[in-house]
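Q: Pasting a structure here, questions to come.
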Amino acid sequence: MTDPRPRTEAELIERIRAIDVPAPESLHRQIEAMIAGKAPATGPPHAGASRKDRAVRPFGLGRRLAAGGAIAAVVVALAIVVGLSGGSSTLSVRDASALTLRQATGAPPAESSSDRRELTAAVDGVSFPYWGGHFGWRSTGSRTDHLDGRTVTTIFYANPRGRRVGYAIVAGTAPAQMSGGVVSMRDGTPYRLLTVNGTAVVSWLRAGHLCVVSGRGVDGATLLALASWDEHRTVAS
């Protein structure tokens, strides 16, 4: 699922400019300066250069070396930016939503004895909600997947009518840029409602973690109500 390597200098530059990670502003300025200054002046040789020097240096070699040096510098900057992003950034909402439609492989977590609005399952301290009392959706199973270097934990819920949804939380800081869909603000948190392969999906961030809720045959309004109640609980607690 890794993007193909850039084949030309222009593709490399466009790839760097397309990166959207919380890198320091000073680093972005350095990258832009390197990109802007990659092409050396094309004027005549310096007046102090000897005829012998000009004869020994093949035509265009200096230009190629300078461009190569700029590319190397940009590649180093790219490595720094990717490092600041916290690892692989290829895991997308589409990838996570696919996991919410799979079958459970583990037992469902129980209701927390210390907070009955939560289940005993959590990812990096971010707990899964207990929806049984408020919505009638009870936990029915769980699964853990490893995708693009990330651990994704999914808890499955079912309502009395037999509908099922999966709630996935991705470990670590958010691995993907949030884009697309229709944004709905609830308690100051943006929720993105989109459709993936004909199935409604809601994605949002909790404590910097990507969360996704989806289920076949479950409409977006229901998914949004479930997801935003969870976020309201987190803010209120």
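Ordering of the structure tokens sets the chain letters (A, B, ...); residue numbers start at 1 within each chain; ligands are numbered from 1 in the order shown.
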Using only C-alpha atoms, which protein or nucleic acid residues come within 7 Å of Gly220 (chain A)? Drop anything in the same chain fewer than 5 positions from it, and give the result as JSON, numbers by chain.
A: {"A": [193, 200, 201]}
Q: Excluding Gly133 (chain A) and any residue of its chain fewer than 3 positions from it, enumerate the residues within 12 Å of it, using only C-alpha atoms, and give them as a PyMOL selection string.
A: chain A and resi 111+116-119+129-130+136-139+159
Q: Figure out the distance between CA of Val183 (chain A) and CA of Asp124 (chain A), please, to one decimal in Å.
A: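 One can read the CA of Asp124 (chain A) to CA of Val183 (chain A) distance as 25.7 Å.
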Q: Nearest to Ser92 (chain A) among A:Val126, A:Ala174, A:Met185, A:Leu194, with distances taken over only C-alpha atoms: which residue is it?
A: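 Using only C-alpha atoms, Ser92 (chain A) sits closest to A:Ala174.
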Q: Give the answer as one residue: which of A:Ala221, A:Ile155, A:Val170, A:Ala98 has the shortest atom-to-atom distance to Ala121 (chain A), using only C-alpha atoms?
A: A:Ile155
Q: As JSON, numbers by chain, please: the residues near Tyr167 (chain A) (cut-off 12 Å, only C-alpha atoms, same-chain neighbours under 5 positions excluded).
A: {"A": [96, 97, 98, 99, 100, 101, 102, 104, 121, 122, 123, 127, 128, 129, 130, 131, 137, 139, 140, 141, 142, 143, 144, 152, 153, 154, 155, 156, 157, 158, 201, 202, 203, 204, 210, 211, 212, 213, 214, 215, 223, 224, 226, 227, 230]}
Q: Keeping only C-alpha atoms, write the selected residues as a PDB file, in the first residue's frame.
A:
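Output saved as selection.pdb:
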```pdb
ATOM      1  CA  ALA A  96      -9.583   1.485   8.925  1.00  0.00           C
ATOM      2  CA  SER A  97     -13.208   1.388   7.828  1.00  0.00           C
ATOM      3  CA  ALA A  98     -12.624  -1.925   6.047  1.00  0.00           C
ATOM      4  CA  LEU A  99     -11.656  -3.457   9.393  1.00  0.00           C
ATOM      5  CA  THR A 100     -14.969  -2.391  10.956  1.00  0.00           C
ATOM      6  CA  LEU A 101     -16.808  -4.618   8.470  1.00  0.00           C
ATOM      7  CA  ARG A 102     -14.838  -7.775   9.206  1.00  0.00           C
ATOM      8  CA  ALA A 104     -14.832 -10.435  15.299  1.00  0.00           C
ATOM      9  CA  ALA A 121     -11.138  -1.969  26.350  1.00  0.00           C
ATOM     10  CA  ALA A 122      -8.977   1.044  25.475  1.00  0.00           C
ATOM     11  CA  VAL A 123      -6.211   2.107  23.081  1.00  0.00           C
ATOM     12  CA  SER A 127     -11.534   3.971  25.969  1.00  0.00           C
ATOM     13  CA  PHE A 128     -14.309   2.453  23.903  1.00  0.00           C
ATOM     14  CA  PRO A 129     -17.816   3.624  24.863  1.00  0.00           C
ATOM     15  CA  TYR A 130     -20.518   1.565  26.496  1.00  0.00           C
ATOM     16  CA  TRP A 131     -23.601   2.180  24.346  1.00  0.00           C
ATOM     17  CA  TRP A 137     -26.108  -1.159  21.293  1.00  0.00           C
ATOM     18  CA  SER A 139     -20.654  -5.022  22.519  1.00  0.00           C
ATOM     19  CA  THR A 140     -20.537  -8.365  20.715  1.00  0.00           C
ATOM     20  CA  GLY A 141     -16.879  -8.958  19.841  1.00  0.00           C
ATOM     21  CA  SER A 142     -13.453  -7.542  19.131  1.00  0.00           C
ATOM     22  CA  ARG A 143     -10.441  -7.877  16.861  1.00  0.00           C
ATOM     23  CA  THR A 144      -6.892  -6.521  16.641  1.00  0.00           C
ATOM     24  CA  VAL A 152      -5.905  -1.107  15.044  1.00  0.00           C
ATOM     25  CA  THR A 153      -8.351  -2.306  17.696  1.00  0.00           C
ATOM     26  CA  THR A 154     -11.990  -2.741  16.691  1.00  0.00           C
ATOM     27  CA  ILE A 155     -14.953  -3.354  18.977  1.00  0.00           C
ATOM     28  CA  PHE A 156     -18.211  -4.554  17.437  1.00  0.00           C
ATOM     29  CA  TYR A 157     -21.676  -3.580  18.653  1.00  0.00           C
ATOM     30  CA  ALA A 158     -25.177  -4.816  17.769  1.00  0.00           C
ATOM     31  CA  VAL A 201     -18.446   5.919   7.532  1.00  0.00           C
ATOM     32  CA  VAL A 202     -17.806   8.503  10.263  1.00  0.00           C
ATOM     33  CA  SER A 203     -14.214   9.400  11.150  1.00  0.00           C
ATOM     34  CA  TRP A 204     -12.811  11.813  13.714  1.00  0.00           C
ATOM     35  CA  LEU A 210      -7.939   8.238  14.388  1.00  0.00           C
ATOM     36  CA  CYS A 211     -11.360   6.748  15.166  1.00  0.00           C
ATOM     37  CA  VAL A 212     -13.733   5.218  12.625  1.00  0.00           C
ATOM     38  CA  VAL A 213     -17.285   3.911  13.010  1.00  0.00           C
ATOM     39  CA  SER A 214     -19.071   2.080  10.210  1.00  0.00           C
ATOM     40  CA  GLY A 215     -21.608  -0.653   9.615  1.00  0.00           C
ATOM     41  CA  LEU A 223     -23.307   6.617  13.122  1.00  0.00           C
ATOM     42  CA  LEU A 224     -22.847  10.320  13.823  1.00  0.00           C
ATOM     43  CA  LEU A 226     -23.044   7.198  18.259  1.00  0.00           C
ATOM     44  CA  ALA A 227     -19.671   8.769  17.515  1.00  0.00           C
ATOM     45  CA  ASP A 230     -18.772   9.145  22.731  1.00  0.00           C
TER      46      ASP A 230
END
```
Q: Step one, run DSSP on the backbone; step two, keep only residues of region 88-173 of chain A assigned to strand (DSSP E); then write them as a count of residues only.
A: 36
Q: Which residue, A:Gly125, A:Gly149, A:Gly188, A:Gly181, has the smallest gap to Ile169 (chain A) when you use only C-alpha atoms?
A: A:Gly125
